[in-house]
$ cat my_file_20.cif   # mmCIF, N, CA and C atoms
data_start
loop_
_atom_site.label_atom_id
_atom_site.label_comp_id
_atom_site.auth_asym_id
_atom_site.auth_seq_id
_atom_site.Cartn_x
_atom_site.Cartn_y
_atom_site.Cartn_z
N MET U 1 41.44 168.58 100.93
CA MET U 1 40.33 167.70 101.27
C MET U 1 40.34 167.41 102.77
N THR U 2 39.20 167.55 103.40
CA THR U 2 39.07 167.33 104.84
C THR U 2 38.96 165.84 105.12
N ARG U 3 39.72 165.38 106.08
CA ARG U 3 39.67 163.96 106.48
C ARG U 3 38.46 163.73 107.37
N THR U 4 37.84 162.55 107.24
CA THR U 4 36.68 162.19 108.05
C THR U 4 37.02 160.98 108.91
N PHE U 5 36.67 161.09 110.19
CA PHE U 5 36.83 159.99 111.13
C PHE U 5 35.44 159.52 111.57
N ASN U 6 35.35 158.26 111.96
CA ASN U 6 34.08 157.68 112.40
C ASN U 6 34.18 157.27 113.86
N VAL U 7 33.16 157.65 114.61
CA VAL U 7 33.06 157.28 116.02
C VAL U 7 31.66 156.72 116.25
N ALA U 8 31.59 155.53 116.81
CA ALA U 8 30.31 154.90 117.12
C ALA U 8 30.09 154.91 118.62
N ALA U 9 28.88 155.30 119.02
CA ALA U 9 28.46 155.23 120.43
C ALA U 9 27.59 153.98 120.56
N ILE U 10 28.10 152.97 121.22
CA ILE U 10 27.40 151.70 121.34
C ILE U 10 26.96 151.50 122.78
N TRP U 11 25.66 151.25 122.94
CA TRP U 11 25.09 151.09 124.28
C TRP U 11 25.47 149.73 124.86
N ASP U 12 26.05 149.74 126.05
CA ASP U 12 26.35 148.53 126.81
C ASP U 12 25.24 148.37 127.83
N ASN U 13 24.31 147.48 127.54
CA ASN U 13 23.13 147.34 128.39
C ASN U 13 23.48 146.86 129.79
N GLU U 14 24.51 146.06 129.93
CA GLU U 14 24.91 145.55 131.25
C GLU U 14 25.48 146.67 132.12
N ALA U 15 26.36 147.48 131.53
CA ALA U 15 27.00 148.57 132.28
C ALA U 15 26.17 149.85 132.27
N LYS U 16 25.16 149.92 131.38
CA LYS U 16 24.28 151.10 131.26
C LYS U 16 25.05 152.36 130.86
N VAL U 17 25.95 152.19 129.89
CA VAL U 17 26.75 153.31 129.37
C VAL U 17 26.93 153.16 127.85
N PHE U 18 27.22 154.29 127.22
CA PHE U 18 27.66 154.28 125.84
C PHE U 18 29.17 154.11 125.84
N VAL U 19 29.67 153.22 125.00
CA VAL U 19 31.11 153.04 124.83
C VAL U 19 31.47 153.33 123.38
N SER U 20 32.71 153.73 123.15
CA SER U 20 33.11 154.14 121.81
C SER U 20 33.82 153.04 121.05
N GLN U 21 33.61 153.07 119.74
CA GLN U 21 34.44 152.37 118.77
C GLN U 21 34.80 153.43 117.76
N SER U 22 36.09 153.53 117.42
CA SER U 22 36.54 154.66 116.62
C SER U 22 37.76 154.33 115.80
N ASP U 23 37.92 155.07 114.70
CA ASP U 23 39.16 154.96 113.94
C ASP U 23 40.15 156.06 114.31
N ILE U 24 39.90 156.72 115.44
CA ILE U 24 40.83 157.71 115.98
C ILE U 24 41.65 157.02 117.07
N PRO U 25 42.93 156.80 116.83
CA PRO U 25 43.76 156.12 117.83
C PRO U 25 43.74 156.85 119.17
N GLY U 26 43.53 156.07 120.24
CA GLY U 26 43.56 156.64 121.58
C GLY U 26 42.24 157.20 122.07
N LEU U 27 41.24 157.30 121.20
CA LEU U 27 39.95 157.86 121.62
C LEU U 27 39.11 156.76 122.27
N VAL U 28 38.97 156.82 123.58
CA VAL U 28 38.20 155.85 124.35
C VAL U 28 37.23 156.63 125.21
N ILE U 29 35.94 156.39 125.00
CA ILE U 29 34.91 157.15 125.71
C ILE U 29 33.89 156.19 126.31
N GLU U 30 33.43 156.52 127.51
CA GLU U 30 32.37 155.78 128.19
C GLU U 30 31.53 156.79 128.97
N THR U 31 30.25 156.92 128.60
CA THR U 31 29.38 157.90 129.26
C THR U 31 27.99 157.33 129.47
N LYS U 32 27.25 157.96 130.38
CA LYS U 32 25.88 157.52 130.65
C LYS U 32 24.87 158.08 129.66
N THR U 33 25.18 159.21 129.03
CA THR U 33 24.23 159.80 128.08
C THR U 33 24.90 160.06 126.74
N PHE U 34 24.08 160.10 125.69
CA PHE U 34 24.60 160.39 124.36
C PHE U 34 25.13 161.82 124.28
N ASP U 35 24.46 162.76 124.94
CA ASP U 35 24.94 164.15 124.94
C ASP U 35 26.33 164.26 125.56
N GLU U 36 26.58 163.55 126.65
CA GLU U 36 27.91 163.54 127.26
C GLU U 36 28.92 162.92 126.29
N PHE U 37 28.51 161.89 125.59
CA PHE U 37 29.38 161.23 124.62
C PHE U 37 29.82 162.22 123.55
N VAL U 38 28.86 162.94 122.96
CA VAL U 38 29.17 163.92 121.92
C VAL U 38 30.10 165.01 122.45
N SER U 39 29.84 165.46 123.66
CA SER U 39 30.67 166.50 124.27
C SER U 39 32.12 166.03 124.43
N LEU U 40 32.30 164.78 124.86
CA LEU U 40 33.67 164.26 125.03
C LEU U 40 34.37 164.05 123.68
N VAL U 41 33.62 163.64 122.66
CA VAL U 41 34.22 163.55 121.32
C VAL U 41 34.73 164.92 120.90
N ASP U 42 33.92 165.95 121.12
CA ASP U 42 34.29 167.32 120.77
C ASP U 42 35.57 167.74 121.49
N GLN U 43 35.70 167.37 122.75
CA GLN U 43 36.86 167.76 123.55
C GLN U 43 38.10 166.92 123.25
N LEU U 44 37.92 165.61 123.09
CA LEU U 44 39.06 164.70 123.03
C LEU U 44 39.56 164.38 121.62
N ALA U 45 38.68 164.38 120.63
CA ALA U 45 39.11 164.01 119.27
C ALA U 45 40.24 164.89 118.75
N PRO U 46 40.17 166.23 118.89
CA PRO U 46 41.29 167.04 118.40
C PRO U 46 42.62 166.71 119.08
N ILE U 47 42.57 166.38 120.35
CA ILE U 47 43.79 166.03 121.08
C ILE U 47 44.34 164.71 120.58
N MET U 48 43.47 163.70 120.45
CA MET U 48 43.92 162.37 120.01
C MET U 48 44.43 162.40 118.57
N VAL U 49 43.77 163.13 117.69
CA VAL U 49 44.25 163.24 116.31
C VAL U 49 45.59 163.95 116.29
N GLY U 50 45.71 165.05 117.01
CA GLY U 50 46.97 165.79 117.05
C GLY U 50 48.12 164.99 117.62
N ASP U 51 47.85 164.23 118.69
CA ASP U 51 48.90 163.45 119.34
C ASP U 51 49.27 162.17 118.58
N ASN U 52 48.27 161.51 117.98
CA ASN U 52 48.49 160.17 117.43
C ASN U 52 48.52 160.10 115.91
N LEU U 53 48.08 161.17 115.25
CA LEU U 53 48.10 161.19 113.78
C LEU U 53 48.63 162.54 113.30
N PRO U 54 49.90 162.80 113.51
CA PRO U 54 50.45 164.11 113.17
C PRO U 54 50.24 164.49 111.70
N GLU U 55 50.16 163.49 110.82
CA GLU U 55 49.93 163.79 109.41
C GLU U 55 48.50 164.28 109.14
N ALA U 56 47.60 164.12 110.10
CA ALA U 56 46.21 164.53 109.93
C ALA U 56 45.89 165.85 110.63
N ARG U 57 46.89 166.56 111.10
CA ARG U 57 46.65 167.83 111.79
C ARG U 57 45.94 168.80 110.86
N GLY U 58 45.16 169.68 111.42
CA GLY U 58 44.36 170.62 110.66
C GLY U 58 42.88 170.26 110.81
N ASP U 59 42.07 170.77 109.93
CA ASP U 59 40.63 170.52 110.00
C ASP U 59 40.30 169.08 109.67
N PHE U 60 39.30 168.55 110.37
CA PHE U 60 38.78 167.22 110.06
C PHE U 60 37.32 167.15 110.49
N THR U 61 36.64 166.15 109.97
CA THR U 61 35.22 165.92 110.27
C THR U 61 35.11 164.64 111.09
N VAL U 62 34.16 164.64 112.04
CA VAL U 62 33.87 163.43 112.80
C VAL U 62 32.41 163.06 112.55
N HIS U 63 32.20 161.83 112.12
CA HIS U 63 30.85 161.29 111.94
C HIS U 63 30.56 160.43 113.16
N ILE U 64 29.54 160.81 113.94
CA ILE U 64 29.16 160.06 115.14
C ILE U 64 27.87 159.31 114.85
N SER U 65 27.89 158.01 115.08
CA SER U 65 26.69 157.20 114.95
C SER U 65 26.40 156.56 116.29
N ALA U 66 25.13 156.26 116.54
CA ALA U 66 24.74 155.65 117.81
C ALA U 66 23.99 154.35 117.53
N GLN U 67 24.22 153.39 118.41
CA GLN U 67 23.55 152.10 118.29
C GLN U 67 23.08 151.68 119.67
N ARG U 68 21.82 151.28 119.71
CA ARG U 68 21.28 150.76 120.97
C ARG U 68 20.28 149.67 120.62
N ASN U 69 20.57 148.47 121.02
CA ASN U 69 19.68 147.33 120.75
C ASN U 69 18.75 147.15 121.94
N MET U 70 17.47 146.90 121.62
CA MET U 70 16.47 146.71 122.67
C MET U 70 15.74 145.40 122.42
N GLN U 71 15.54 144.65 123.48
CA GLN U 71 14.73 143.44 123.37
C GLN U 71 13.37 143.77 123.95
N LEU U 72 12.33 143.59 123.13
CA LEU U 72 10.98 143.97 123.52
C LEU U 72 10.06 142.75 123.44
N THR U 73 8.94 142.86 124.09
CA THR U 73 7.92 141.80 124.04
C THR U 73 6.63 142.39 123.50
N ALA U 74 6.05 141.74 122.53
CA ALA U 74 4.78 142.22 121.95
C ALA U 74 3.67 142.09 122.98
N ALA U 75 2.74 143.04 122.91
CA ALA U 75 1.61 143.06 123.86
C ALA U 75 0.58 142.01 123.52
#
$ encode --input "my_file_20.cif" --output "structure tokens"
Amino acid sequence: MTRTFNVAAIWDNEAKVFVSQSDIPGLVIETKTFDEFVSLVDQLAPIMVGDNLPEARGDFTVHISAQRNMQLTAA
């Protein structure tokens, strides 16, 4: 059975970046675009899982979700 990890890309409106929340130990990401965020998850998640969760080595799935809250004014 393939293990699944969750990574959330949360928009920090003050800093104007996406920041990560994750159940992968050591995975900390901050990027200006969602595409950059996904690219860094692809690069860093295998390293962090291999280094910090040796029992989880092998294939795994990453579920990436994005959240961005906007305050709007009706016309």
$ select_by_dssp --input "my_file_20.cif" --residues "range 2-75 of chain U" --states "strand (DSSP E or B)" --output "ChimeraX atom specification"
/U:3-12,17-22,30-31,60-67
$ atom_distance --input "my_file_20.cif" --atom1 "CA of Arg68 in chain U" --atom2 "CA of Thr2 in chain U"
29.2 Å
$ resolve_selection --input "my_file_20.cif" --expression "the PyMOL selection byres (((chain U and resi 49 and name CA) around 12) and name CA)" --output "ChimeraX atom specification"
/U:3-5,22-27,41-48,50-62
$ select_by_dssp --input "my_file_20.cif" --residues "chain U" --states "alpha helix (DSSP H)" --output "list in words"
Phe34, Asp35, Glu36, Phe37, Val38, Ser39, Leu40, Val41, Asp42, Gln43, Leu44, Ala45, Pro46, Ile47, Met48, Val49, Gly50, Asp51 and Asn52 of chain U
$ closest_residue --input "my_file_20.cif" --among "U:Val38, U:Ala75, U:Met70, U:Ile64" --to "Asn6 in chain U" --atoms "only N, CA and C atoms"
U:Ile64
$ atom_distance --input "my_file_20.cif" --atom1 "atom N of Ala66 in chain U" --atom2 "atom C of Thr33 in chain U"
10.9 Å
$ atom_distance --input "my_file_20.cif" --atom1 "atom C of Val7 in chain U" --atom2 "atom C of Thr73 in chain U"
29.7 Å
$ resolve_selection --input "my_file_20.cif" --expression "the PyMOL selection byres (((chain U and resi 12-16 and name CA) around 9) and name CA)" --output "list of chain:residue names"
U:Ile10, U:Trp11, U:Val17, U:Phe18, U:Val19, U:Thr31, U:Lys32, U:Arg68, U:Asn69, U:Met70
$ closest_residue --input "my_file_20.cif" --among "U:Ser39, U:Phe34, U:Ile29, U:Met1" --to "Ser65 in chain U" --atoms "only C-alpha atoms"
U:Phe34
$ closest_residue --input "my_file_20.cif" --among "U:Gln67, U:Asp35, U:Val28, U:Ala74" --to "Ala9 in chain U" --atoms "only C-alpha atoms"
U:Gln67
$ axis_aligned_box --input "my_file_20.cif" --around "range 23-34 of chain U" --padding-each-side "5 Å" --output "AutoDock Vina command-line options"
--center_x 33.9 --center_y 158.4 --center_z 122.3 --size_x 29.7 --size_y 16.9 --size_z 26.7
$ decode --input "my_file_20.cif" --residues "range 9-22 of chain U" --atoms "all heavy atoms" --output "short mmCIF file (atom, residue, chain, number, x, y, z; two decimals), in the first residue's frame"
data_model
loop_
_atom_site.label_atom_id
_atom_site.label_comp_id
_atom_site.auth_asym_id
_atom_site.auth_seq_id
_atom_site.Cartn_x
_atom_site.Cartn_y
_atom_site.Cartn_z
N ALA U 9 -0.54 24.49 0.47
CA ALA U 9 0.06 25.76 0.06
C ALA U 9 -0.87 26.86 0.53
O ALA U 9 -1.98 27.00 0.00
CB ALA U 9 0.23 25.80 -1.45
N ILE U 10 -0.46 27.60 1.53
CA ILE U 10 -1.31 28.63 2.12
C ILE U 10 -0.74 30.00 1.80
O ILE U 10 0.44 30.28 2.04
CB ILE U 10 -1.42 28.43 3.64
CG1 ILE U 10 -2.05 27.05 3.90
CG2 ILE U 10 -2.23 29.54 4.28
CD1 ILE U 10 -2.04 26.63 5.33
N TRP U 11 -1.59 30.85 1.22
CA TRP U 11 -1.16 32.18 0.81
C TRP U 11 -1.02 33.09 2.02
O TRP U 11 -1.94 33.25 2.81
CB TRP U 11 -2.16 32.76 -0.18
CG TRP U 11 -1.78 34.11 -0.68
CD1 TRP U 11 -2.36 35.30 -0.38
CD2 TRP U 11 -0.71 34.42 -1.59
NE1 TRP U 11 -1.73 36.34 -1.04
CE2 TRP U 11 -0.71 35.81 -1.78
CE3 TRP U 11 0.24 33.65 -2.24
CZ2 TRP U 11 0.20 36.45 -2.61
CZ3 TRP U 11 1.16 34.28 -3.07
CH2 TRP U 11 1.13 35.66 -3.26
N ASP U 12 0.15 33.70 2.16
CA ASP U 12 0.41 34.71 3.18
C ASP U 12 0.28 36.06 2.51
O ASP U 12 1.17 36.48 1.75
CB ASP U 12 1.81 34.52 3.76
CG ASP U 12 2.15 35.53 4.85
OD1 ASP U 12 1.61 36.65 4.83
OD2 ASP U 12 2.96 35.17 5.73
N ASN U 13 -0.85 36.70 2.72
CA ASN U 13 -1.14 37.95 2.02
C ASN U 13 -0.17 39.07 2.38
O ASN U 13 0.16 39.90 1.54
CB ASN U 13 -2.58 38.39 2.30
CG ASN U 13 -3.07 39.39 1.27
OD1 ASN U 13 -2.84 39.21 0.08
ND2 ASN U 13 -3.74 40.43 1.72
N GLU U 14 0.33 39.08 3.60
CA GLU U 14 1.27 40.12 4.02
C GLU U 14 2.62 39.96 3.32
O GLU U 14 3.19 40.91 2.82
CB GLU U 14 1.45 40.08 5.54
CG GLU U 14 2.27 41.23 6.08
CD GLU U 14 2.31 41.21 7.60
OE1 GLU U 14 1.24 41.07 8.22
OE2 GLU U 14 3.42 41.34 8.14
N ALA U 15 3.11 38.72 3.28
CA ALA U 15 4.42 38.45 2.66
C ALA U 15 4.32 38.21 1.16
O ALA U 15 5.32 38.20 0.46
CB ALA U 15 5.07 37.24 3.32
N LYS U 16 3.09 37.99 0.66
CA LYS U 16 2.84 37.73 -0.78
C LYS U 16 3.55 36.47 -1.27
O LYS U 16 4.15 36.45 -2.33
CB LYS U 16 3.25 38.93 -1.64
CG LYS U 16 2.62 40.25 -1.24
CD LYS U 16 1.15 40.25 -1.47
CE LYS U 16 0.56 41.64 -1.23
NZ LYS U 16 -0.76 41.61 -0.67
N VAL U 17 3.46 35.41 -0.46
CA VAL U 17 4.05 34.12 -0.81
C VAL U 17 3.14 32.98 -0.35
O VAL U 17 2.31 33.16 0.54
CB VAL U 17 5.45 33.92 -0.17
CG1 VAL U 17 6.46 34.90 -0.72
CG2 VAL U 17 5.37 33.99 1.35
N PHE U 18 3.32 31.83 -0.99
CA PHE U 18 2.71 30.60 -0.50
C PHE U 18 3.67 29.98 0.51
O PHE U 18 4.87 29.89 0.26
CB PHE U 18 2.49 29.60 -1.64
CG PHE U 18 1.32 29.94 -2.53
CD1 PHE U 18 1.53 30.56 -3.75
CD2 PHE U 18 0.03 29.63 -2.16
CE1 PHE U 18 0.47 30.87 -4.58
CE2 PHE U 18 -1.04 29.93 -2.98
CZ PHE U 18 -0.82 30.56 -4.19
N VAL U 19 3.13 29.56 1.64
CA VAL U 19 3.92 28.86 2.65
C VAL U 19 3.32 27.47 2.85
O VAL U 19 2.14 27.25 2.62
CB VAL U 19 3.99 29.62 3.99
CG1 VAL U 19 4.75 30.93 3.82
CG2 VAL U 19 2.62 29.87 4.55
N SER U 20 4.15 26.54 3.29
CA SER U 20 3.69 25.15 3.41
C SER U 20 3.28 24.79 4.82
O SER U 20 3.83 25.30 5.80
CB SER U 20 4.79 24.19 2.95
OG SER U 20 5.93 24.31 3.77
N GLN U 21 2.30 23.90 4.88
CA GLN U 21 1.97 23.14 6.08
C GLN U 21 1.93 21.70 5.60
O GLN U 21 1.31 21.41 4.58
CB GLN U 21 0.62 23.54 6.66
CG GLN U 21 0.63 24.87 7.35
CD GLN U 21 -0.70 25.17 8.02
OE1 GLN U 21 -1.68 24.47 7.83
NE2 GLN U 21 -0.72 26.24 8.79
N SER U 22 2.61 20.81 6.32
CA SER U 22 2.79 19.46 5.80
C SER U 22 2.96 18.45 6.91
O SER U 22 3.41 18.79 8.00
CB SER U 22 4.04 19.45 4.90
OG SER U 22 4.37 18.15 4.51
#
